[in-house]
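Asker: Could you have a look at this structure, given as structure tokens, before my questions?
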Amino acid sequence: MPSGSHNGVSPVHHHSEYYLKDGNITFLVGDTLFRVHRHFFEVESQFFVKEFEKAPKEGTSDSSAFRLEKVTVEDFAKFLWVWYSPSYRREIKPKDHWLTILELSTVWQFPEMKKLAVDELQKLDIEPIEKITTYDRYQIDKSLLLPAYKLLCKRAGRMSIVEGEQLKLHTVLGIQEARERAIRSAAEGGCRSPTSADADDEELERILIDVFSLKGHSANRQGTQPSGKPDDVPFINTPKPHGNGGPNGTKTSTSGSSPQNDSKQKDGNKSGKK
């Protein structure tokens with residue numbers, strides 16, 4: 001990520017949405033200036049941490065903005081949208097939107113944002129060939145491709161030459177092996193003139209898991225990590241009450257009454273004992 005000022009060589013302008021008054025880091029993409037919050041880039045991305053360390057005084061003003069190469073204004077705005085979306089509920093975005101975020105989060109080393117992109121892509125209807133090539137390119141958990149592999153096995157006819165050229169050789173050979181095993185399984189089950197589509201779904205899944213070594217296939221289909229040892233996720237626990245009391249040390253009543261009522265009840269009990 002080369003850095004430097006634009007030096008007034010070409011006219012630049014502020015991005016209409018992502019030039020924030022309280023921002024503390026400025027980026028120049030093409031002829032557009034973005035001023036956002038440095039924290040987001042430092043908290044997760046080792047790529048940006050190292051770039052900032054190389055030039056600690058850069059990005060503090062428009063004239064010293066960090067230049068981002070090989071990214072368009074539109075794509076960088078999509079990337080920033082993840083942090084600055086005005087809606088608490090994440091609005092539905094098309095496939096290309098999340099593919100852009102997947103690309104940039106991979107290149108710039110934002111692992112959590114990459115997981116988010118995969119989660120959202122998992123919700124979309126993507127053609128199996130495109131999905132397999134995309135997940136291979138970005139090294140995404142293969143177990144998430146089980147539905148795509150099944151579609152290729154169950155559809156009529158084999159892959160075309162064009163489709164085969166898009167996939168890696170081991171994927172093409174794996175699909176072919178799975179189809180042949182599925183046909184044998186259907187024949188053993190009594191099906192006459194079987195095709196791979198006639199195989200039982202569960203049996204086909206077992207075949208594909210074996211052929212492609214899909215360990216952790218039963219994991220959350222919208223995550224990037226297979227099942228097994230879970231990621232270490234930090235938790236912030238709600239403070240426990242002091243003794244039998246509430247968060248501020250006031251005692252709580254199991255009957256649902258207020259601390260004041262409990263106090264009055266105790267006074268009454270004392271009076272009765274006298």
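The way I read the labels, and the way they are meant: chains A, B, ... in the order of the structure tokens, residue 1 as the first residue of every chain, and ligand 1 as the first ligand shown, with later ones counted on from there.
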If we count only C-alpha atoms and set the cut-off at 9 Å, which residues sit around stretch 52-57 of chain A, ignoring sequence neighbours fewer than 4 positions away in its own chain? Please answer as a ChimeraX atom specification.

Answerer: /A:3,42,47-48,64

Asker: Identify, on the basis of only C-alpha atoms, every residue whose closest approach to stretch 173-178 of chain A does not exceed 8 Å; exclude the query and any residue fewer than 4 positions from it along the same chain; express the result as an MDAnalysis selection string.

Answerer: chainID A and resid 149 152:153 169 182 204 207:208 211:212

Asker: Find, counting only C-alpha atoms, the residue in A:Lys123, A:Arg137, A:Arg192, A:Lys154 that gets nearest to A:Lys93.

Answerer: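 Among A:Lys123, A:Arg137, A:Arg192, A:Lys154, it is A:Lys123 that comes nearest to A:Lys93.
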
Asker: Quick one: pull the distance between atom CA of A:Ile101 and atom CA of A:Phe79, Å, one decimal.

Answerer: 5.5 Å

Asker: Would you please extract all alpha helix (DSSP H) residues from stretch 86-177 of chain A, as assigned by DSSP on the backbone, and give them as a ChimeraX atom specification?

Answerer: /A:95-107,111-122,128-137,146-154,161-166,169-177

Asker: Could those selected residues go to a file with C-alpha atoms, as a PDB file, in the first residue's frame?

Answerer:
ATOM      1  CA  LYS A  95     -23.769 -11.705  -4.487  1.00  0.00           C
ATOM      2  CA  ASP A  96     -21.309  -9.290  -6.134  1.00  0.00           C
ATOM      3  CA  HIS A  97     -21.389  -7.062  -3.049  1.00  0.00           C
ATOM      4  CA  TRP A  98     -20.243  -9.890  -0.791  1.00  0.00           C
ATOM      5  CA  LEU A  99     -17.732 -11.190  -3.324  1.00  0.00           C
ATOM      6  CA  THR A 100     -16.088  -7.758  -3.253  1.00  0.00           C
ATOM      7  CA  ILE A 101     -15.935  -7.846   0.544  1.00  0.00           C
ATOM      8  CA  LEU A 102     -14.585 -11.402   0.416  1.00  0.00           C
ATOM      9  CA  GLU A 103     -11.829 -10.325  -1.985  1.00  0.00           C
ATOM     10  CA  LEU A 104     -10.715  -7.258  -0.030  1.00  0.00           C
ATOM     11  CA  SER A 105     -10.959  -8.897   3.393  1.00  0.00           C
ATOM     12  CA  THR A 106      -8.733 -11.704   2.121  1.00  0.00           C
ATOM     13  CA  VAL A 107      -6.150  -9.435   0.489  1.00  0.00           C
ATOM     14  CA  PRO A 111     -10.323 -12.749   8.994  1.00  0.00           C
ATOM     15  CA  GLU A 112     -13.528 -11.867  10.838  1.00  0.00           C
ATOM     16  CA  MET A 113     -14.848  -9.832   7.940  1.00  0.00           C
ATOM     17  CA  LYS A 114     -13.995 -12.724   5.642  1.00  0.00           C
ATOM     18  CA  LYS A 115     -16.084 -15.023   7.825  1.00  0.00           C
ATOM     19  CA  LEU A 116     -18.961 -12.562   7.584  1.00  0.00           C
ATOM     20  CA  ALA A 117     -18.720 -12.536   3.776  1.00  0.00           C
ATOM     21  CA  VAL A 118     -18.790 -16.334   3.681  1.00  0.00           C
ATOM     22  CA  ASP A 119     -21.782 -16.418   6.034  1.00  0.00           C
ATOM     23  CA  GLU A 120     -23.700 -14.117   3.714  1.00  0.00           C
ATOM     24  CA  LEU A 121     -22.662 -15.967   0.554  1.00  0.00           C
ATOM     25  CA  GLN A 122     -23.917 -19.185   2.145  1.00  0.00           C
ATOM     26  CA  PRO A 128     -22.275 -24.912  -8.042  1.00  0.00           C
ATOM     27  CA  ILE A 129     -19.382 -24.359 -10.470  1.00  0.00           C
ATOM     28  CA  GLU A 130     -19.020 -20.703  -9.471  1.00  0.00           C
ATOM     29  CA  LYS A 131     -19.325 -21.541  -5.791  1.00  0.00           C
ATOM     30  CA  ILE A 132     -16.669 -24.242  -5.930  1.00  0.00           C
ATOM     31  CA  THR A 133     -14.194 -22.082  -7.870  1.00  0.00           C
ATOM     32  CA  THR A 134     -14.801 -19.123  -5.533  1.00  0.00           C
ATOM     33  CA  TYR A 135     -14.336 -21.155  -2.359  1.00  0.00           C
ATOM     34  CA  ASP A 136     -11.195 -22.768  -3.794  1.00  0.00           C
ATOM     35  CA  ARG A 137      -9.748 -19.378  -4.740  1.00  0.00           C
ATOM     36  CA  LEU A 146     -21.218 -30.377   0.069  1.00  0.00           C
ATOM     37  CA  PRO A 147     -24.546 -29.067  -1.368  1.00  0.00           C
ATOM     38  CA  ALA A 148     -22.736 -27.862  -4.501  1.00  0.00           C
ATOM     39  CA  TYR A 149     -21.026 -31.218  -4.969  1.00  0.00           C
ATOM     40  CA  LYS A 150     -24.390 -32.954  -4.573  1.00  0.00           C
ATOM     41  CA  LEU A 151     -25.982 -30.808  -7.259  1.00  0.00           C
ATOM     42  CA  LEU A 152     -23.220 -31.684  -9.713  1.00  0.00           C
ATOM     43  CA  CYS A 153     -23.618 -35.373  -8.944  1.00  0.00           C
ATOM     44  CA  LYS A 154     -27.396 -35.460  -9.219  1.00  0.00           C
ATOM     45  CA  ILE A 161     -15.572 -29.077 -21.095  1.00  0.00           C
ATOM     46  CA  VAL A 162     -15.927 -25.403 -20.236  1.00  0.00           C
ATOM     47  CA  GLU A 163     -17.089 -26.240 -16.714  1.00  0.00           C
ATOM     48  CA  GLY A 164     -14.320 -28.775 -16.281  1.00  0.00           C
ATOM     49  CA  GLU A 165     -11.711 -26.210 -17.266  1.00  0.00           C
ATOM     50  CA  GLN A 166     -12.939 -23.871 -14.533  1.00  0.00           C
ATOM     51  CA  LEU A 169      -8.473 -31.483 -11.789  1.00  0.00           C
ATOM     52  CA  HIS A 170      -8.957 -33.211  -8.421  1.00  0.00           C
ATOM     53  CA  THR A 171     -12.461 -31.710  -8.201  1.00  0.00           C
ATOM     54  CA  VAL A 172     -13.430 -32.981 -11.659  1.00  0.00           C
ATOM     55  CA  LEU A 173     -12.083 -36.450 -10.887  1.00  0.00           C
ATOM     56  CA  GLY A 174     -13.748 -36.432  -7.471  1.00  0.00           C
ATOM     57  CA  ILE A 175     -17.169 -35.599  -8.907  1.00  0.00           C
ATOM     58  CA  GLN A 176     -16.761 -38.336 -11.507  1.00  0.00           C
ATOM     59  CA  GLU A 177     -15.811 -40.891  -8.861  1.00  0.00           C
TER      60      GLU A 177
END

Asker: Which is closest to A:Thr60 among A:Val82, A:Val36, A:Leu167, A:Ile25, if we use only C-alpha atoms?

Answerer: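 Closest candidate: A:Ile25.
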
Asker: Could you check the closest approach to A:Asp201 for each of A:Ser143, A:Ser185, A:Thr32, A:Ser160 and tell me which residue wins, using only C-alpha atoms?

Answerer: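 Closest to A:Asp201, using only C-alpha atoms: A:Ser185.
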